[in-house]
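Below is one structure, written out as structure tokens; comments come after it.
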Amino acid sequence: MGPARAAPVIAIDGPSGTGKGTIARLVKRWLGWHLLDSGALYRVLGFAAERRGLDLDDEQAIAPLALALDVAFVEGEADTRVVLDGADATDAIRTEACGALASRVAAHPAVRAGLLERQRAFRLVPGLVADGRDMGTVVFPDAELKIFLTASAEERARRRHKQLIEKGLSVNLAQLLADITERDRRDTERAVSPLKPATDAVILDTTHSDISAVEDQVKRLVRERGLART
Ligand code: DC
């Protein structure tokens, strides 16, 4: 017998606010595959680093924590609970502030290297849907399907604004747009694994599409690649 074939991967990359997380979860459920929310890993790391009082810009201080991080993803009915050091951190890591912490720690090459194997370990049969910024370029360059979702920064800020209002949080749209633009800049301009589509990625602009239209497009691509049974 030859070497076992690695489980198939569908990489879904792009900036936040494109519907990436929602689409990844829909596809995961539809196929019955595993899910890697790589942004959650960077968020947990930023959160844990700040809680320990580490300097987020100090690569040498953060990199060991990336390796030692005690984090578990527990699949629930509606979502995945994120457990850090034995305590539920799901809601704590979802804030805009934590997204910014994540983006800062994610800029360090040693941190990204430290999280690489942890991410690849999610690649299990029957398959993996991987959501992030560099899933198709760096973590799973041999993914069977690579999708890159984009949308204008204004539209992404509007979507995020609506989500936060629905959660009962008061937020300023202009401030959100400024935060999103700053996070995009940091993620796109960093030297290692910057946010960019893989050369073989299918780019879908969701600015004028609702989530069900994007879902249909993605499902069509999954079928075309022979990755779905239905
Ligand atoms: O997808 P998200 O908003 O949860 O990601 C939070 C931050 O983590 C994002 O601004 C950059 C970083 N990140 C990354 O650098 N690489 C990934 N694969 C996923 C996230």
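By order in the structure tokens, chains are A, B, ...; within a chain, residues start at 1; ligands start at 1, following the order shown.
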- Task: Could you give me, as a ChimeraX atom specification, the residues within 12 Å of Trp33 (chain A), counting only C-alpha atoms and dropping anything in the same chain fewer than 6 positions from it?
- Result: /A:7-10,24-27,75,122-130,227-228
Now that the selection is made, can you save its residues with N, CA and C atoms as a JSON list (two decimals), in the first residue's frame?
```json
[["chain", "number", "residue", "atom", "x", "y", "z"],
["A", 7, "ALA", "N", -6.29, 14.02, 4.15],
["A", 7, "ALA", "CA", -7.69, 14.39, 4.04],
["A", 7, "ALA", "C", -7.80, 15.66, 3.17],
["A", 8, "PRO", "N", -8.87, 15.79, 2.39],
["A", 8, "PRO", "CA", -9.03, 16.99, 1.56],
["A", 8, "PRO", "C", -9.26, 18.25, 2.39],
["A", 9, "VAL", "N", -8.84, 19.38, 1.83],
["A", 9, "VAL", "CA", -9.00, 20.67, 2.52],
["A", 9, "VAL", "C", -9.68, 21.67, 1.59],
["A", 10, "ILE", "N", -10.62, 22.41, 2.15],
["A", 10, "ILE", "CA", -11.20, 23.57, 1.45],
["A", 10, "ILE", "C", -10.72, 24.79, 2.23],
["A", 24, "ALA", "N", -17.79, 29.24, 6.03],
["A", 24, "ALA", "CA", -16.98, 28.07, 6.43],
["A", 24, "ALA", "C", -17.82, 27.11, 7.28],
["A", 25, "ARG", "N", -18.60, 27.68, 8.20],
["A", 25, "ARG", "CA", -19.42, 26.83, 9.07],
["A", 25, "ARG", "C", -20.54, 26.12, 8.28],
["A", 26, "LEU", "N", -21.15, 26.85, 7.33],
["A", 26, "LEU", "CA", -22.21, 26.24, 6.51],
["A", 26, "LEU", "C", -21.65, 25.06, 5.70],
["A", 27, "VAL", "N", -20.48, 25.26, 5.11],
["A", 27, "VAL", "CA", -19.86, 24.21, 4.29],
["A", 27, "VAL", "C", -19.45, 23.02, 5.17],
["A", 75, "GLU", "N", -16.75, 21.44, 19.84],
["A", 75, "GLU", "CA", -17.87, 21.58, 18.91],
["A", 75, "GLU", "C", -19.20, 21.48, 19.65],
["A", 122, "PHE", "N", -5.47, 19.79, 12.35],
["A", 122, "PHE", "CA", -6.92, 19.74, 12.15],
["A", 122, "PHE", "C", -7.29, 18.99, 10.87],
["A", 123, "ARG", "N", -6.30, 18.68, 10.07],
["A", 123, "ARG", "CA", -6.56, 18.02, 8.78],
["A", 123, "ARG", "C", -6.83, 16.54, 9.01],
["A", 124, "LEU", "N", -8.06, 16.19, 9.21],
["A", 124, "LEU", "CA", -8.45, 14.82, 9.53],
["A", 124, "LEU", "C", -9.57, 14.38, 8.59],
["A", 125, "VAL", "N", -9.67, 13.06, 8.35],
["A", 125, "VAL", "CA", -10.77, 12.56, 7.54],
["A", 125, "VAL", "C", -12.10, 12.82, 8.25],
["A", 126, "PRO", "N", -13.18, 13.07, 7.53],
["A", 126, "PRO", "CA", -13.30, 13.01, 6.08],
["A", 126, "PRO", "C", -12.78, 14.25, 5.35],
["A", 127, "GLY", "N", -12.49, 15.36, 6.07],
["A", 127, "GLY", "CA", -11.99, 16.54, 5.40],
["A", 127, "GLY", "C", -12.01, 17.74, 6.33],
["A", 128, "LEU", "N", -11.40, 18.84, 5.86],
["A", 128, "LEU", "CA", -11.29, 20.04, 6.70],
["A", 128, "LEU", "C", -11.69, 21.28, 5.90],
["A", 129, "VAL", "N", -12.51, 22.11, 6.54],
["A", 129, "VAL", "CA", -12.79, 23.44, 6.02],
["A", 129, "VAL", "C", -11.95, 24.39, 6.87],
["A", 130, "ALA", "N", -11.02, 25.12, 6.26],
["A", 130, "ALA", "CA", -10.09, 25.97, 7.00],
["A", 130, "ALA", "C", -10.34, 27.43, 6.68],
["A", 227, "LEU", "N", -15.91, 17.28, -4.45],
["A", 227, "LEU", "CA", -15.69, 17.13, -3.01],
["A", 227, "LEU", "C", -16.98, 16.85, -2.23],
["A", 228, "ALA", "N", -18.13, 16.95, -2.92],
["A", 228, "ALA", "CA", -19.40, 16.71, -2.23],
["A", 228, "ALA", "C", -20.02, 15.42, -2.74]]
```
- Message: as a PyMOL selection string, please: every residue in region 41-211 of chain A that DSSP puts in helix (DSSP H, G or I).
- Response: chain A and resi 41-51+59-68+92-94+96-105+109-120+135-139+153-166+173-189+211
Selection export as a PDB file, in the first residue's frame, atoms kept: C-alpha atoms:
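After the write, part.pdb holds the following:
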```pdb
ATOM      1  CA  LEU A  41      -6.239  30.748  17.482  1.00  0.00           C
ATOM      2  CA  TYR A  42      -4.641  34.169  16.903  1.00  0.00           C
ATOM      3  CA  ARG A  43      -7.378  35.802  18.966  1.00  0.00           C
ATOM      4  CA  VAL A  44      -6.829  33.399  21.887  1.00  0.00           C
ATOM      5  CA  LEU A  45      -3.103  34.022  21.681  1.00  0.00           C
ATOM      6  CA  GLY A  46      -3.548  37.818  21.718  1.00  0.00           C
ATOM      7  CA  PHE A  47      -5.973  37.526  24.617  1.00  0.00           C
ATOM      8  CA  ALA A  48      -3.703  35.200  26.632  1.00  0.00           C
ATOM      9  CA  ALA A  49      -0.635  37.356  25.958  1.00  0.00           C
ATOM     10  CA  GLU A  50      -2.345  40.504  27.122  1.00  0.00           C
ATOM     11  CA  ARG A  51      -3.720  38.775  30.212  1.00  0.00           C
ATOM     12  CA  GLU A  59       8.172  38.507  19.194  1.00  0.00           C
ATOM     13  CA  GLN A  60      10.525  36.632  21.566  1.00  0.00           C
ATOM     14  CA  ALA A  61       8.052  36.996  24.427  1.00  0.00           C
ATOM     15  CA  ILE A  62       4.992  35.870  22.444  1.00  0.00           C
ATOM     16  CA  ALA A  63       6.447  32.972  20.412  1.00  0.00           C
ATOM     17  CA  PRO A  64       6.880  30.553  23.377  1.00  0.00           C
ATOM     18  CA  LEU A  65       3.265  31.183  24.365  1.00  0.00           C
ATOM     19  CA  ALA A  66       2.130  30.219  20.842  1.00  0.00           C
ATOM     20  CA  LEU A  67       3.704  26.801  21.380  1.00  0.00           C
ATOM     21  CA  ALA A  68       2.541  26.321  24.974  1.00  0.00           C
ATOM     22  CA  ALA A  92     -14.111  37.257  25.287  1.00  0.00           C
ATOM     23  CA  ILE A  93     -12.120  36.632  22.093  1.00  0.00           C
ATOM     24  CA  ARG A  94     -14.870  37.852  19.718  1.00  0.00           C
ATOM     25  CA  GLU A  96     -13.112  44.110  18.117  1.00  0.00           C
ATOM     26  CA  ALA A  97     -10.381  44.841  20.665  1.00  0.00           C
ATOM     27  CA  CYS A  98      -9.335  41.187  20.673  1.00  0.00           C
ATOM     28  CA  GLY A  99      -9.316  41.166  16.846  1.00  0.00           C
ATOM     29  CA  ALA A 100      -6.774  43.978  16.995  1.00  0.00           C
ATOM     30  CA  LEU A 101      -4.647  42.080  19.576  1.00  0.00           C
ATOM     31  CA  ALA A 102      -4.780  39.027  17.289  1.00  0.00           C
ATOM     32  CA  SER A 103      -3.643  41.028  14.292  1.00  0.00           C
ATOM     33  CA  ARG A 104      -0.659  42.368  16.273  1.00  0.00           C
ATOM     34  CA  VAL A 105       0.609  38.990  17.513  1.00  0.00           C
ATOM     35  CA  PRO A 109       7.051  35.198  11.972  1.00  0.00           C
ATOM     36  CA  ALA A 110       8.001  33.066  15.025  1.00  0.00           C
ATOM     37  CA  VAL A 111       4.415  33.189  16.265  1.00  0.00           C
ATOM     38  CA  ARG A 112       3.060  32.052  12.897  1.00  0.00           C
ATOM     39  CA  ALA A 113       5.641  29.251  12.764  1.00  0.00           C
ATOM     40  CA  GLY A 114       4.662  28.217  16.295  1.00  0.00           C
ATOM     41  CA  LEU A 115       1.002  27.847  15.312  1.00  0.00           C
ATOM     42  CA  LEU A 116       1.630  26.021  12.037  1.00  0.00           C
ATOM     43  CA  GLU A 117       1.614  22.399  13.210  1.00  0.00           C
ATOM     44  CA  ARG A 118      -1.308  23.044  15.543  1.00  0.00           C
ATOM     45  CA  GLN A 119      -3.319  24.193  12.512  1.00  0.00           C
ATOM     46  CA  ARG A 120      -2.221  21.316  10.280  1.00  0.00           C
ATOM     47  CA  MET A 135      -4.921  28.847   4.628  1.00  0.00           C
ATOM     48  CA  GLY A 136      -4.474  28.530   0.858  1.00  0.00           C
ATOM     49  CA  THR A 137      -1.076  30.237   0.647  1.00  0.00           C
ATOM     50  CA  VAL A 138       0.901  28.842   3.599  1.00  0.00           C
ATOM     51  CA  VAL A 139      -0.873  26.409   5.915  1.00  0.00           C
ATOM     52  CA  ALA A 153     -14.209  47.943   3.583  1.00  0.00           C
ATOM     53  CA  GLU A 154     -17.339  50.128   3.795  1.00  0.00           C
ATOM     54  CA  GLU A 155     -19.643  47.149   3.269  1.00  0.00           C
ATOM     55  CA  ARG A 156     -17.713  45.047   5.796  1.00  0.00           C
ATOM     56  CA  ALA A 157     -17.941  47.842   8.370  1.00  0.00           C
ATOM     57  CA  ARG A 158     -21.707  48.105   7.750  1.00  0.00           C
ATOM     58  CA  ARG A 159     -22.153  44.332   8.260  1.00  0.00           C
ATOM     59  CA  ARG A 160     -20.111  44.355  11.452  1.00  0.00           C
ATOM     60  CA  HIS A 161     -22.053  47.394  12.686  1.00  0.00           C
ATOM     61  CA  LYS A 162     -25.359  45.583  12.115  1.00  0.00           C
ATOM     62  CA  GLN A 163     -24.092  42.473  13.947  1.00  0.00           C
ATOM     63  CA  LEU A 164     -22.964  44.477  16.968  1.00  0.00           C
ATOM     64  CA  ILE A 165     -26.206  46.486  17.110  1.00  0.00           C
ATOM     65  CA  GLU A 166     -28.148  43.197  17.034  1.00  0.00           C
ATOM     66  CA  LEU A 173     -19.729  53.093  12.204  1.00  0.00           C
ATOM     67  CA  ALA A 174     -16.929  55.527  11.335  1.00  0.00           C
ATOM     68  CA  GLN A 175     -14.754  54.112  14.123  1.00  0.00           C
ATOM     69  CA  LEU A 176     -15.459  50.550  12.946  1.00  0.00           C
ATOM     70  CA  LEU A 177     -14.451  51.468   9.404  1.00  0.00           C
ATOM     71  CA  ALA A 178     -11.227  53.038  10.714  1.00  0.00           C
ATOM     72  CA  ASP A 179     -10.464  49.899  12.796  1.00  0.00           C
ATOM     73  CA  ILE A 180     -11.174  47.566   9.865  1.00  0.00           C
ATOM     74  CA  THR A 181      -8.994  49.614   7.526  1.00  0.00           C
ATOM     75  CA  GLU A 182      -6.143  49.599  10.052  1.00  0.00           C
ATOM     76  CA  ARG A 183      -6.434  45.829  10.632  1.00  0.00           C
ATOM     77  CA  ASP A 184      -6.516  45.196   6.832  1.00  0.00           C
ATOM     78  CA  ARG A 185      -3.422  47.330   6.428  1.00  0.00           C
ATOM     79  CA  ARG A 186      -1.511  45.428   9.131  1.00  0.00           C
ATOM     80  CA  ASP A 187      -2.631  42.007   7.824  1.00  0.00           C
ATOM     81  CA  THR A 188      -1.865  42.872   4.193  1.00  0.00           C
ATOM     82  CA  GLU A 189       1.462  44.619   4.695  1.00  0.00           C
ATOM     83  CA  ILE A 211     -24.882  35.145   2.318  1.00  0.00           C
TER      84      ILE A 211
END
```
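CA of Leu84 (chain A) is found 23.5 Å from CA of Lys20 (chain A).
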- Message: Report, in Å with one decimal, the straight-line distance from atom 6 (C, counted along the ligand's line) of ligand 1 to CA of Asp216 (chain A).
- Response: 25.5 Å
- Which value, in Å to one decimal, gives the distance between CA of Thr206 (chain A) and CA of Glu224 (chain A)?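 We find that CA of Thr206 (chain A) and CA of Glu224 (chain A) lie 20.2 Å from each other.
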- Can you list, as a list in words, every protein, DNA or RNA residue that comes within 9 Å of Ala201 (chain A) when you count only C-alpha atoms, leaving out same-chain residues fewer than 2 positions away?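 Counting only C-alpha atoms, the residues come to Ala11, Gly136, Leu145, Lys146, Ile147, Phe148, Pro197, Ala198, Thr199 and Ile203 of chain A.
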- Query: Which residue, A:Leu54, A:Leu169, A:Val192, A:Ala72, has the smallest gap to ligand 1 when you use only C-alpha atoms and all ligand atoms?
  - Reply: A:Val192
- Please, which residues of region 95-213 of chain A, numbered as in this document, come out strand (DSSP E) from DSSP, as a list in words?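 Here is the list: Leu128, Val129, Ala130, Asp131, Gly132, Leu145, Lys146, Ile147, Phe148, Leu149, Thr150, Val202, Ile203, Leu204 and Asp205 of chain A.
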Could the residues in this selection be saved with all heavy atoms as a short mmCIF file (atom, residue, chain, number, x, y, z; two decimals), in the first residue's frame?
```
data_model
loop_
_atom_site.label_atom_id
_atom_site.label_comp_id
_atom_site.auth_asym_id
_atom_site.auth_seq_id
_atom_site.Cartn_x
_atom_site.Cartn_y
_atom_site.Cartn_z
N LEU A 128 -11.40 18.84 5.86
CA LEU A 128 -11.29 20.04 6.70
C LEU A 128 -11.69 21.28 5.90
O LEU A 128 -11.24 21.48 4.78
CB LEU A 128 -9.84 20.20 7.18
CG LEU A 128 -9.54 21.47 7.98
CD1 LEU A 128 -10.27 21.46 9.32
CD2 LEU A 128 -8.04 21.64 8.18
N VAL A 129 -12.51 22.11 6.54
CA VAL A 129 -12.79 23.44 6.02
C VAL A 129 -11.95 24.39 6.87
O VAL A 129 -12.11 24.42 8.10
CB VAL A 129 -14.28 23.80 6.13
CG1 VAL A 129 -14.53 25.20 5.58
CG2 VAL A 129 -15.14 22.78 5.39
N ALA A 130 -11.02 25.12 6.26
CA ALA A 130 -10.09 25.97 7.00
C ALA A 130 -10.34 27.43 6.68
O ALA A 130 -10.28 27.84 5.53
CB ALA A 130 -8.66 25.59 6.67
N ASP A 131 -10.61 28.21 7.72
CA ASP A 131 -11.00 29.61 7.59
C ASP A 131 -9.86 30.50 8.10
O ASP A 131 -9.39 30.29 9.22
CB ASP A 131 -12.29 29.79 8.40
CG ASP A 131 -12.63 31.22 8.79
OD1 ASP A 131 -11.88 32.14 8.50
OD2 ASP A 131 -13.70 31.39 9.43
N GLY A 132 -9.39 31.46 7.29
CA GLY A 132 -8.31 32.33 7.79
C GLY A 132 -7.85 33.37 6.80
O GLY A 132 -8.64 33.95 6.05
N LEU A 145 -9.47 22.94 -2.79
CA LEU A 145 -10.21 24.10 -3.27
C LEU A 145 -9.82 25.31 -2.42
O LEU A 145 -9.78 25.21 -1.19
CB LEU A 145 -11.73 23.84 -3.16
CG LEU A 145 -12.66 25.02 -3.44
CD1 LEU A 145 -12.49 25.55 -4.86
CD2 LEU A 145 -14.13 24.63 -3.20
N LYS A 146 -9.50 26.41 -3.08
CA LYS A 146 -9.13 27.64 -2.37
C LYS A 146 -10.08 28.75 -2.79
O LYS A 146 -10.19 29.05 -3.99
CB LYS A 146 -7.70 28.05 -2.71
CG LYS A 146 -6.66 27.01 -2.32
CD LYS A 146 -5.28 27.42 -2.76
CE LYS A 146 -4.30 26.28 -2.48
NZ LYS A 146 -2.94 26.62 -2.95
N ILE A 147 -10.72 29.32 -1.80
CA ILE A 147 -11.65 30.41 -2.07
C ILE A 147 -11.16 31.64 -1.33
O ILE A 147 -10.72 31.54 -0.17
CB ILE A 147 -13.07 30.01 -1.61
CG1 ILE A 147 -13.58 28.88 -2.50
CG2 ILE A 147 -14.03 31.20 -1.65
CD1 ILE A 147 -14.85 28.23 -2.02
N PHE A 148 -11.20 32.78 -1.99
CA PHE A 148 -10.81 34.04 -1.34
C PHE A 148 -12.00 34.98 -1.42
O PHE A 148 -12.45 35.35 -2.50
CB PHE A 148 -9.58 34.64 -2.04
CG PHE A 148 -8.96 35.77 -1.28
CD1 PHE A 148 -7.97 35.52 -0.33
CD2 PHE A 148 -9.34 37.08 -1.50
CE1 PHE A 148 -7.38 36.57 0.39
CE2 PHE A 148 -8.76 38.13 -0.79
CZ PHE A 148 -7.78 37.86 0.15
N LEU A 149 -12.57 35.31 -0.26
CA LEU A 149 -13.73 36.18 -0.22
C LEU A 149 -13.28 37.62 0.04
O LEU A 149 -12.44 37.86 0.91
CB LEU A 149 -14.69 35.75 0.90
CG LEU A 149 -15.34 34.37 0.76
CD1 LEU A 149 -16.29 34.12 1.93
CD2 LEU A 149 -16.09 34.24 -0.55
N THR A 150 -13.82 38.54 -0.73
CA THR A 150 -13.51 39.96 -0.50
C THR A 150 -14.82 40.73 -0.44
O THR A 150 -15.89 40.21 -0.79
CB THR A 150 -12.69 40.57 -1.66
OG1 THR A 150 -13.47 40.55 -2.85
CG2 THR A 150 -11.41 39.83 -1.89
N VAL A 202 -10.01 30.90 -6.09
CA VAL A 202 -11.16 31.48 -6.77
C VAL A 202 -11.58 32.69 -5.94
O VAL A 202 -11.86 32.55 -4.75
CB VAL A 202 -12.33 30.48 -6.84
CG1 VAL A 202 -13.53 31.11 -7.55
CG2 VAL A 202 -11.90 29.19 -7.52
N ILE A 203 -11.58 33.88 -6.55
CA ILE A 203 -11.89 35.10 -5.80
C ILE A 203 -13.36 35.45 -5.97
O ILE A 203 -13.85 35.56 -7.08
CB ILE A 203 -10.99 36.27 -6.27
CG1 ILE A 203 -9.51 35.89 -6.04
CG2 ILE A 203 -11.34 37.56 -5.53
CD1 ILE A 203 -8.52 36.90 -6.56
N LEU A 204 -14.06 35.58 -4.84
CA LEU A 204 -15.48 35.94 -4.89
C LEU A 204 -15.67 37.26 -4.16
O LEU A 204 -15.34 37.38 -2.97
CB LEU A 204 -16.34 34.86 -4.19
CG LEU A 204 -16.29 33.44 -4.74
CD1 LEU A 204 -17.18 32.52 -3.89
CD2 LEU A 204 -16.74 33.40 -6.19
N ASP A 205 -16.18 38.26 -4.86
CA ASP A 205 -16.46 39.56 -4.24
C ASP A 205 -17.89 39.54 -3.71
O ASP A 205 -18.83 39.39 -4.49
CB ASP A 205 -16.27 40.68 -5.27
CG ASP A 205 -16.37 42.06 -4.63
OD1 ASP A 205 -17.09 42.21 -3.62
OD2 ASP A 205 -15.74 42.99 -5.14
#
```
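Nearest residue to Arg223 (chain A), choosing from A:Gly76, A:Ala106, A:Glu144, A:Val83 and counting only C-alpha atoms: A:Glu144.
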- Message: Nearest residue to ligand 1 out of A:Ile12, A:Ala121, A:Val171, A:Ala40, using only C-alpha atoms and all ligand atoms?
- Response: A:Ala40
